[in-house]
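Peer 1: My questions will all concern the structure given below.
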Amino acid sequence: RSPLSASAHTHPVFCLQVVGTQNAHNLISIATDGKLCSWSLDMLSQPQDQLELQQKNRIVAVTSMSFALGEVNSFLVGSEEGVLFSCSRHGNKAGINDAFEGHHGPVTGIDFNKAVGQGDFSHLFISSSTDWTVKLWSNKI
């Protein structure tokens with residue numbers, strides 16, 4: 001159990017995902033306060049790193065999150081407003097990079113294509129929403 005502090009989440013946590021390699025990994029959590037926290041599994045008393053997700057100076061209320069297979073920096077989030085966002089944890093593009101509009105209710109789930117085969121479909125991802133729709137997206141330009 002982590003103590004309540006302003007350095008961690010102040011709203012309910014909606015998503016958790018372990019990212020990294022077998023020997024170097026972090027627990028990533030995200031909440032409707034728009035804060036992404038990176039935790040060391042050896043020290044859960046406070047996050048190692050945090051990132052506030054904002055668009056147009058408004059905090060994004062995140063309801064779902066997904067990292068592609070083997071990815072530790074780039075990820076997708078779904079929001080209460082029904083918008084999906086492409087984001088980065090580190091570098092000069094840390095934060096929100098792109099938006100995908102299409103749902104008319106909160107996004108309840110999002111996931112990258114993790115199938116391994118002859119074709120490369122890693123650019124595809126899927127989302128679901130309380131608007132009773134499931135959508136297939138591509139982040140390929």
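Order determines the names: the first chain of the structure tokens is A, the second B, and so forth; residues in each chain are numbered 1 upward, and ligands are numbered 1 upward as they are shown.
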Kindly provide the residues of region 34-76 of chain A that approach region 91-115 of chain A to within 9 Å, each paired with its closest atom pair and their distance in Å to one decimal, based on only C-alpha atoms, listed by chain and increasing number, as a tab-separated table.

Peer 2:
residue	atom	partner	partner_atom	distance
A:Leu51	CA	A:Gly95	CA	7.1
A:Glu52	CA	A:Gly95	CA	7.2
A:Leu53	CA	A:Gly95	CA	5.7
A:Gln54	CA	A:Ile96	CA	7.0
A:Gln55	CA	A:Ile96	CA	7.0
A:Val62	CA	A:Val107	CA	8.5
A:Thr63	CA	A:Thr108	CA	6.3
A:Ser64	CA	A:Gly109	CA	5.4
A:Met65	CA	A:Ile110	CA	6.2
A:Ser66	CA	A:Asp111	CA	5.3
A:Phe67	CA	A:Phe112	CA	7.1
A:Ala68	CA	A:Phe112	CA	5.5
A:Leu69	CA	A:Lys114	CA	6.3
A:Asn73	CA	A:Ala94	CA	8.8
A:Leu76	CA	A:Ile110	CA	7.6

Peer 1: Neighbours of Ser138 (chain A) within 10 Å (only C-alpha atoms; same-chain residues fewer than 5 positions away dropped), as a ChimeraX atom specification?

Peer 2: /A:100,112,121-126

Peer 1: Save out the residues we just selected, C-alpha atoms, as an mmCIF file, in the first residue's frame.

Peer 2:
data_model
loop_
_atom_site.group_PDB
_atom_site.id
_atom_site.type_symbol
_atom_site.label_atom_id
_atom_site.label_comp_id
_atom_site.auth_asym_id
_atom_site.auth_seq_id
_atom_site.Cartn_x
_atom_site.Cartn_y
_atom_site.Cartn_z
ATOM 1 C CA PHE A 100 -7.916 10.284 -32.273
ATOM 2 C CA PHE A 112 -2.443 -2.638 -29.441
ATOM 3 C CA PHE A 121 0.031 -5.091 -38.019
ATOM 4 C CA SER A 122 1.696 -3.381 -35.022
ATOM 5 C CA HIS A 123 0.230 -0.031 -36.161
ATOM 6 C CA LEU A 124 -3.309 -1.278 -35.444
ATOM 7 C CA PHE A 125 -5.099 -0.771 -32.152
ATOM 8 C CA ILE A 126 -8.641 -1.258 -30.913
#

Peer 1: If we count only C-alpha atoms and set the cut-off at 7 Å, which residues sit around Leu27 (chain A), ignoring sequence neighbours fewer than 6 positions away in its own chain? Please answer as a compact mmCIF listing (two decimals) with C-alpha atoms, in the first residue's frame.

Peer 2:
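Written file, selection-v9.txt:
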# COMPACT_ATOMS: atom_id res chain seq x y z
CA LEU A 16 -1.81 -0.56 -14.46
CA GLN A 17 0.79 -2.09 -16.74
CA VAL A 18 4.28 -3.53 -16.20
CA VAL A 19 6.68 -2.35 -18.93
CA SER A 38 6.18 5.10 -12.91
CA TRP A 39 6.89 2.88 -9.90
CA SER A 40 9.79 0.63 -9.00
CA LEU A 41 8.47 -2.72 -7.79

Peer 1: Choose the residue, out of A:Asn26, A:Gln118, A:Thr133, A:Ser7, that has the smallest atom-to-atom separation from Glu71 (chain A); count only C-alpha atoms.

Peer 2: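 The closest residue to Glu71 (chain A) is A:Asn26.
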